[in-house]
Amino acid sequence: MKFLMLKLEPIIWQLFGGGMMLGAFLYPAYLLVIGFTAPLGITPIEGLSYERVLGLASSIPGSVLIAATISLPLWAAAHHVRHIFIDFGGLERDGFVGLVCYGSAAVGSALAIIAVLRLHF
Amino acid sequence: MMTRRARVDSMKPSTPGPTRTAPPRMPDNFPGRGNYLGYITFGLCGFVLYAVGFLMLRTIWALGSGEREWDRLIEGFQNPVYILFHVFCVISLTWFALRFFGLFPKTQPPNIGRFKRPPDIFFLVALNGGFLAVSLLVIAVLSGVLL
Amino acid sequence: MNEINKKTVKVTRFDPDQDEEPRTEAYEIPVQDDWKVLDALNYIKDEVDPSLSHRWSCRMAVCGSCGMQVNGEPKLTCKTALSDYEDTVEVAPLANFPIIRDLVVELEGFMEKMKTAKPWIMSAKERAAEEGPTSQSPEELAAFKQFSMCINCMLCYSACPVVGNEPDFLGPAALALGHRYNQDTRDEGSSERNEIFRDEGGVFACSYANECSQVCPKNVDPSAAIQQAKLLNVIDWAKSFVVPRGGK
C-alpha cells in the first residue's frame, strides 16, 4: 500500500495542486451565493431555480466544471489532512491515514462523476 | 520551553554513535508560534475543503434527483446553522486562497524548458486579480445576472 | 564604552553519563551590549562552568557550527545579538536532532541525508582537457546560485515539522542542494536524482510549511527549491513514459 502510494505520488500531487487552484478560485464565491446571499434574499433566489441550474449544469462545459470542482478539491483536502496527521506525529507511517484520505477522495471523485452523469439521464 | 518529543528516530544516523543520546524534540512551541500557526491553519482548511466538496456533491446529487429534492435542499440552506456554516467556509477558504496565492510565485522554477518564468508581480496580480474576476463571474452566474 | 549589565542565560545541559533527560541550568552573567549569544556561552564556559559543551568556529556566520534554539527559534548564535532579548535568554540544542551533550547534537544523520541527495556534478563521461572549461551564462547561474549558498548549519532541519515526524525525510538543505545540481547546466544526473526525490522522504514528503526559509541565515529559501523540484520532478516523471531513460 505504502509502495503504491509512493508510485502514485506525482499523480496525487497534481490532483492536489489542481484542487487547490479550483477550490481557491471557485469555492468562496460559490459558497457566498448558495449559502449566504441567496438564502437571505440579497441576490435573487431565482438564480438557483431548478430549471436554470439544471440547464447550466447539464451543459457539457458545466458538467465537466462541476465534476472537476467537486473531485479535485477533495484530493487537495485529502493531501492537507494527511499532512496534518504527519505533523502531529506517527500515524502516517503505516499508510493507514493516507489510505483513508486518498480513498475517500477517490470515492468522492467517482460519486461526483456519477452525480453529474445523473443529470444527463 | 522545550516541547514534546519528536519521533525518536528523527535525524538518527544509520549506525548509532559511541555515546548515548537524548531523544530529539519537536521545534519549540510547535504549532503555536507565528509561522507554524498559519501553516497548520492552512492545513486544517483541508477539512473545510472536504466538507464543501461533499456538500457540493450532495447538492448536485439533489439536482439529479428532481425538482422536489432540489427545492427542499435550497430551502434547507435558509437554516441559520447552514448559513453560519457557509459564512465560516467563505471566510476560511478566502483566507486559504489568499495565503495560497501569496506562497505560489516562488514555487515556479526560473524556467521550464524554453519557457521563462515571469516576475513575481505577474503571479500576484494574475492570481489575486483572477480570483476577484472569477468570484464576480460566479456570483453573477449563480444570481442569474449572467447566462 | 560598552555598558555592563546582567542577563540570565538558561542553558540546556545533558551529560549522557549522568543525566537521564536534558535539564536546564540558569547562569546569571555580566554581559556587554555588543555581545552575541555565542559570546555569552563562551563566557559561561570560560568563567563559570568549563564543562559546558557547544560547537562554534568562525564567529562570522559562514561555518554553520553554532546553530542553536535561542528562545525557541533556530538561530546562528554568532549572528544573534544578545541585546535583542529581554533579561532572560534560553539556549537549547537544535530541535529534531538527537542530543549528544549539552548544546551539541548528532550530525551523522544529517550527513547521510546530504549524501543521499547526491549534491555533486554528475556527468556521463569525463571531460578531456582539450575541450576546455564548460561555460555557463550568468542567467544559467542565476537559476540556482541562491540554492548553493547553504552553509549546512541545519537550522532548517530544526524548524521543519516534517523532519521531526518523518525520519526518512531528506529535509530542506539536502533537497535544496540536490535541486541546485539538477538546475546546474553542467550536471547530467537529474533523472537519477529525481528518482531519489520521488522516493520515500523525497520532495513530496515536504508539506511547504515554509519555516525552513524563514529561519535560513543565508536566504537560501529551501522551501522554494523543494516546491520547484516537485514541479520539475512531475515533468521529468511524465517524460519518463514518453522518452526512454537516457534520452534527454
# chains A, B, ... in the order shown; residues from 1 in each chain; ligands from 1
>>> residues_around(residues="region 209-218 of chain C", least_positions_apart="5", cutoff="10 Å", atoms="only C-alpha atoms", output="VMD selection string")
(chain B and resid 34 to 40 42 to 43 103) or (chain C and resid 61 to 62 64 67 73 to 76 79 146 to 151 153 to 162 171 to 173 223 to 225)
>>> write_last_selection(atoms="N, CA and C atoms", output="short mmCIF file (atom, residue, chain, number, x, y, z; two decimals), in the first residue's frame")
data_model
loop_
_atom_site.label_atom_id
_atom_site.label_comp_id
_atom_site.auth_asym_id
_atom_site.auth_seq_id
_atom_site.Cartn_x
_atom_site.Cartn_y
_atom_site.Cartn_z
N GLY B 34 4.09 31.83 15.65
CA GLY B 34 3.77 32.57 14.42
C GLY B 34 3.56 31.78 13.16
N ASN B 35 4.64 31.47 12.45
CA ASN B 35 4.50 30.87 11.12
C ASN B 35 3.85 29.50 11.15
N TYR B 36 4.15 28.72 12.18
CA TYR B 36 3.55 27.39 12.26
C TYR B 36 2.03 27.49 12.32
N LEU B 37 1.55 28.48 13.03
CA LEU B 37 0.11 28.61 13.23
C LEU B 37 -0.59 28.81 11.89
N GLY B 38 -0.03 29.69 11.05
CA GLY B 38 -0.60 29.91 9.72
C GLY B 38 -0.56 28.64 8.90
N TYR B 39 0.55 27.93 8.99
CA TYR B 39 0.72 26.71 8.21
C TYR B 39 -0.27 25.63 8.64
N ILE B 40 -0.40 25.47 9.96
CA ILE B 40 -1.33 24.46 10.46
C ILE B 40 -2.78 24.84 10.14
N PHE B 42 -3.76 26.58 7.65
CA PHE B 42 -3.88 26.31 6.20
C PHE B 42 -4.16 24.83 5.98
N GLY B 43 -3.42 23.98 6.69
CA GLY B 43 -3.64 22.54 6.57
C GLY B 43 -5.02 22.15 7.05
N LEU B 103 1.95 32.31 -1.49
CA LEU B 103 3.05 31.34 -1.48
C LEU B 103 3.34 30.78 -2.87
N ALA C 61 29.25 33.75 10.82
CA ALA C 61 28.09 33.21 10.10
C ALA C 61 28.43 32.58 8.76
N VAL C 62 29.58 31.93 8.66
CA VAL C 62 29.84 31.16 7.45
C VAL C 62 30.13 29.68 7.71
N GLY C 64 28.67 27.66 9.99
CA GLY C 64 27.45 26.90 10.24
C GLY C 64 27.52 25.97 11.44
N GLY C 67 24.64 26.74 15.32
CA GLY C 67 23.18 26.79 15.31
C GLY C 67 22.58 26.21 16.58
N GLU C 73 13.70 29.69 18.89
CA GLU C 73 13.85 29.83 17.46
C GLU C 73 15.25 29.39 17.04
N PRO C 74 15.34 28.63 15.93
CA PRO C 74 16.67 28.22 15.49
C PRO C 74 17.46 29.44 15.00
N LYS C 75 18.65 29.63 15.54
CA LYS C 75 19.47 30.82 15.20
C LYS C 75 20.93 30.42 15.14
N LEU C 76 21.71 31.15 14.33
CA LEU C 76 23.16 31.07 14.46
C LEU C 76 23.51 31.96 15.64
N LYS C 79 25.41 35.19 15.21
CA LYS C 79 24.81 36.25 14.41
C LYS C 79 23.65 36.88 15.18
N GLN C 146 21.33 30.98 -5.67
CA GLN C 146 20.77 31.16 -4.34
C GLN C 146 20.78 29.85 -3.54
N PHE C 147 20.48 28.74 -4.23
CA PHE C 147 20.39 27.46 -3.53
C PHE C 147 21.76 26.88 -3.21
N SER C 148 22.81 27.50 -3.72
CA SER C 148 24.15 26.97 -3.43
C SER C 148 24.81 27.70 -2.27
N MET C 149 24.09 28.63 -1.65
CA MET C 149 24.68 29.43 -0.58
C MET C 149 24.59 28.75 0.79
N CYS C 150 24.07 27.52 0.83
CA CYS C 150 23.86 26.81 2.09
C CYS C 150 25.19 26.59 2.83
N ILE C 151 25.17 26.81 4.16
CA ILE C 151 26.37 26.58 4.97
C ILE C 151 26.21 25.36 5.87
N CYS C 153 24.13 24.62 8.26
CA CYS C 153 24.01 24.93 9.69
C CYS C 153 22.86 24.17 10.33
N MET C 154 22.00 23.58 9.49
CA MET C 154 20.91 22.71 9.95
C MET C 154 19.78 23.43 10.69
N LEU C 155 19.77 24.75 10.64
CA LEU C 155 18.65 25.47 11.27
C LEU C 155 17.34 25.06 10.61
N CYS C 156 17.38 24.83 9.28
CA CYS C 156 16.15 24.46 8.57
C CYS C 156 15.61 23.12 9.06
N TYR C 157 16.51 22.18 9.37
CA TYR C 157 16.05 20.88 9.89
C TYR C 157 15.39 21.05 11.25
N SER C 158 15.94 22.00 12.00
CA SER C 158 15.43 22.24 13.33
C SER C 158 14.07 22.92 13.31
N ALA C 159 13.76 23.60 12.19
CA ALA C 159 12.50 24.34 12.10
C ALA C 159 11.40 23.53 11.43
N CYS C 160 11.78 22.45 10.75
CA CYS C 160 10.82 21.75 9.89
C CYS C 160 9.95 20.78 10.69
N PRO C 161 8.62 20.93 10.61
CA PRO C 161 7.76 19.99 11.34
C PRO C 161 7.78 18.59 10.74
N VAL C 162 8.12 18.46 9.46
CA VAL C 162 8.13 17.13 8.84
C VAL C 162 9.37 16.34 9.29
N GLY C 171 14.91 16.22 4.00
CA GLY C 171 15.00 17.51 4.66
C GLY C 171 15.36 18.66 3.74
N PRO C 172 15.16 19.90 4.25
CA PRO C 172 15.30 21.10 3.41
C PRO C 172 16.68 21.25 2.75
N ALA C 173 17.75 21.23 3.53
CA ALA C 173 19.07 21.53 2.97
C ALA C 173 19.47 20.53 1.90
N SER C 223 12.54 26.09 0.86
CA SER C 223 11.17 25.68 0.53
C SER C 223 10.86 26.01 -0.93
N ALA C 224 11.41 27.12 -1.44
CA ALA C 224 11.22 27.43 -2.86
C ALA C 224 11.86 26.35 -3.71
N ALA C 225 13.09 25.95 -3.33
CA ALA C 225 13.80 24.92 -4.09
C ALA C 225 12.98 23.64 -4.13
#
>>> closest_atom_pairs(of="region 54-107 of chain A", to="region 133-141 of chain B", cutoff="12 Å", atoms="only C-alpha atoms", output="Markdown table")
| residue | atom | partner | partner_atom | distance |
| --- | --- | --- | --- | --- |
| A:Leu56 | CA | B:Val141 | CA | 9.4 |
| A:Ala57 | CA | B:Val141 | CA | 11.7 |
| A:Gly62 | CA | B:Val141 | CA | 11.6 |
>>> closest_atom_pairs(of="chain A", to="chain B", cutoff="8 Å", atoms="only C-alpha atoms", output="CSV")
residue,atom,partner,partner_atom,distance
A:Gly23,CA,B:Leu49,CA,7.3
A:Ala24,CA,B:Ala97,CA,4.5
A:Phe25,CA,B:Phe131,CA,5.4
A:Leu26,CA,B:Ser135,CA,6.6
A:Tyr27,CA,B:Leu93,CA,7.2
A:Pro28,CA,B:Val90,CA,4.8
A:Ala29,CA,B:Ser135,CA,5.0
A:Tyr30,CA,B:Val138,CA,6.4
A:Leu31,CA,B:Val90,CA,6.1
A:Leu32,CA,B:Val90,CA,6.2
A:Val33,CA,B:Ile139,CA,6.3
A:Ile34,CA,B:Phe77,CA,7.7
A:Gly35,CA,B:His86,CA,5.3
A:Phe36,CA,B:Ile83,CA,5.7
A:Ala38,CA,B:Ser143,CA,7.5
A:Pro39,CA,B:Gln78,CA,4.9
A:Leu40,CA,B:Gln78,CA,7.1
A:Thr43,CA,B:Ser143,CA,5.7
A:Pro44,CA,B:Ser143,CA,5.7
A:Ile45,CA,B:Ser143,CA,6.9
A:Glu46,CA,B:Gly144,CA,7.0
A:Gly47,CA,B:Gly144,CA,4.1
A:Leu48,CA,B:Leu142,CA,6.5
A:Ser49,CA,B:Asp71,CA,8.0
A:Tyr50,CA,B:Glu67,CA,5.9
A:Leu54,CA,B:Leu63,CA,6.8
A:Thr69,CA,B:Gly53,CA,7.7
A:Ile70,CA,B:Gly53,CA,5.0
A:Ser71,CA,B:Gly53,CA,7.1
A:Pro73,CA,B:Leu49,CA,6.2
A:Leu74,CA,B:Tyr50,CA,5.6
A:Ala76,CA,B:Gly46,CA,6.9
A:Ala77,CA,B:Gly46,CA,4.0
A:Ala78,CA,B:Gly46,CA,6.9
A:His79,CA,B:Gly46,CA,7.7
A:His80,CA,B:Gly43,CA,5.0
A:Val81,CA,B:Gly46,CA,5.6
A:His83,CA,B:Gly43,CA,7.4
A:Ile84,CA,B:Gly43,CA,6.1
A:Gly89,CA,B:Arg7,CA,7.4
A:Gly90,CA,B:Arg7,CA,7.4
A:Gly108,CA,B:Phe54,CA,7.2
A:Leu111,CA,B:Leu57,CA,7.6
A:Ala112,CA,B:Leu57,CA,5.9
A:Ala115,CA,B:Trp61,CA,5.1
A:Val116,CA,B:Ile60,CA,7.0
A:Arg118,CA,B:Gly64,CA,5.4
A:Leu119,CA,B:Gly64,CA,4.8
>>> closest_atom_pairs(of="chain B", to="chain C", cutoff="7 Å", atoms="only C-alpha atoms", output="JSON lines")
{"residue": "B:Met1", "atom": "CA", "partner": "C:Gly72", "partner_atom": "CA", "distance": 6.7}
{"residue": "B:Ala6", "atom": "CA", "partner": "C:Gly164", "partner_atom": "CA", "distance": 4.9}
{"residue": "B:Arg7", "atom": "CA", "partner": "C:Asn165", "partner_atom": "CA", "distance": 5.5}
{"residue": "B:Asp9", "atom": "CA", "partner": "C:Pro167", "partner_atom": "CA", "distance": 6.0}
{"residue": "B:Ser10", "atom": "CA", "partner": "C:Pro167", "partner_atom": "CA", "distance": 4.5}
{"residue": "B:Met11", "atom": "CA", "partner": "C:Gly109", "partner_atom": "CA", "distance": 4.9}
{"residue": "B:Lys12", "atom": "CA", "partner": "C:Gly109", "partner_atom": "CA", "distance": 4.9}
{"residue": "B:Pro13", "atom": "CA", "partner": "C:Gly109", "partner_atom": "CA", "distance": 3.9}
{"residue": "B:Ser14", "atom": "CA", "partner": "C:Gly109", "partner_atom": "CA", "distance": 7.0}
{"residue": "B:Arg20", "atom": "CA", "partner": "C:Pro16", "partner_atom": "CA", "distance": 5.8}
{"residue": "B:Thr21", "atom": "CA", "partner": "C:Ile100", "partner_atom": "CA", "distance": 4.8}
{"residue": "B:Ala22", "atom": "CA", "partner": "C:Ile99", "partner_atom": "CA", "distance": 4.8}
{"residue": "B:Pro23", "atom": "CA", "partner": "C:Pro98", "partner_atom": "CA", "distance": 5.0}
{"residue": "B:Pro24", "atom": "CA", "partner": "C:Pro98", "partner_atom": "CA", "distance": 4.5}
{"residue": "B:Arg25", "atom": "CA", "partner": "C:Asn96", "partner_atom": "CA", "distance": 5.2}
{"residue": "B:Met26", "atom": "CA", "partner": "C:Asn96", "partner_atom": "CA", "distance": 5.5}
{"residue": "B:Pro27", "atom": "CA", "partner": "C:Ala95", "partner_atom": "CA", "distance": 5.1}
{"residue": "B:Asp28", "atom": "CA", "partner": "C:Gly72", "partner_atom": "CA", "distance": 5.0}
{"residue": "B:Asn35", "atom": "CA", "partner": "C:Glu211", "partner_atom": "CA", "distance": 6.8}
{"residue": "B:Tyr39", "atom": "CA", "partner": "C:Ala209", "partner_atom": "CA", "distance": 5.5}
{"residue": "B:Lys106", "atom": "CA", "partner": "C:Ala224", "partner_atom": "CA", "distance": 5.4}
{"residue": "B:Thr107", "atom": "CA", "partner": "C:Gln227", "partner_atom": "CA", "distance": 4.9}
{"residue": "B:Gln108", "atom": "CA", "partner": "C:Gln228", "partner_atom": "CA", "distance": 5.5}
{"residue": "B:Pro109", "atom": "CA", "partner": "C:Gln228", "partner_atom": "CA", "distance": 5.1}
{"residue": "B:Pro110", "atom": "CA", "partner": "C:Ala143", "partner_atom": "CA", "distance": 5.9}
>>> write_last_selection(atoms="C-alpha atoms", output="PDB file, in the first residue's frame")
ATOM      1  CA  MET B   1      10.417  25.983  26.571  1.00  0.00           C
ATOM      2  CA  ALA B   6       9.818  14.286  18.035  1.00  0.00           C
ATOM      3  CA  ARG B   7       9.945  10.755  16.689  1.00  0.00           C
ATOM      4  CA  ASP B   9      14.471   8.142  15.195  1.00  0.00           C
ATOM      5  CA  SER B  10      14.348  11.657  13.752  1.00  0.00           C
ATOM      6  CA  MET B  11      17.757  12.624  12.280  1.00  0.00           C
ATOM      7  CA  LYS B  12      19.238   9.441  13.723  1.00  0.00           C
ATOM      8  CA  PRO B  13      22.301   8.032  11.939  1.00  0.00           C
ATOM      9  CA  SER B  14      22.004   4.545  10.446  1.00  0.00           C
ATOM     10  CA  ARG B  20      24.062   7.533  24.455  1.00  0.00           C
ATOM     11  CA  THR B  21      21.995  10.435  23.074  1.00  0.00           C
ATOM     12  CA  ALA B  22      18.937  12.201  24.410  1.00  0.00           C
ATOM     13  CA  PRO B  23      15.896  11.868  22.119  1.00  0.00           C
ATOM     14  CA  PRO B  24      15.130  14.727  19.712  1.00  0.00           C
ATOM     15  CA  ARG B  25      12.398  17.250  20.485  1.00  0.00           C
ATOM     16  CA  MET B  26       9.889  18.853  18.176  1.00  0.00           C
ATOM     17  CA  PRO B  27      10.509  22.515  17.251  1.00  0.00           C
ATOM     18  CA  ASP B  28       9.748  24.744  20.235  1.00  0.00           C
ATOM     19  CA  ASN B  35       4.504  30.867  11.121  1.00  0.00           C
ATOM     20  CA  TYR B  39       0.720  26.708   8.206  1.00  0.00           C
ATOM     21  CA  LYS B 106       8.249  31.071  -5.572  1.00  0.00           C
ATOM     22  CA  THR B 107       7.108  27.547  -6.317  1.00  0.00           C
ATOM     23  CA  GLN B 108       7.645  28.257 -10.005  1.00  0.00           C
ATOM     24  CA  PRO B 109      11.103  27.433 -11.377  1.00  0.00           C
ATOM     25  CA  PRO B 110      13.050  30.125 -13.302  1.00  0.00           C
TER      26      PRO B 110
END
>>> interface_residues(of="chain A", to="chain C", cutoff="9 Å", atoms="only C-alpha atoms", output="MDAnalysis selection string")
chainID A and resid 3 6:7 9:11 13:14 80 83 86:90 92:93
>>> select_by_dssp(residues="chain B", states="alpha helix (DSSP H)", output="JSON, numbers by chain")
{"B": [34, 35, 36, 37, 38, 39, 40, 41, 42, 43, 44, 45, 46, 47, 48, 49, 50, 51, 52, 53, 54, 55, 56, 57, 58, 59, 60, 61, 62, 63, 64, 67, 68, 69, 70, 71, 72, 73, 74, 75, 76, 80, 81, 82, 83, 84, 85, 86, 87, 88, 89, 90, 91, 92, 93, 94, 95, 96, 97, 98, 99, 100, 101, 102, 103, 120, 121, 122, 123, 124, 125, 126, 127, 128, 129, 130, 131, 132, 133, 134, 135, 136, 137, 138, 139, 140, 141, 142]}
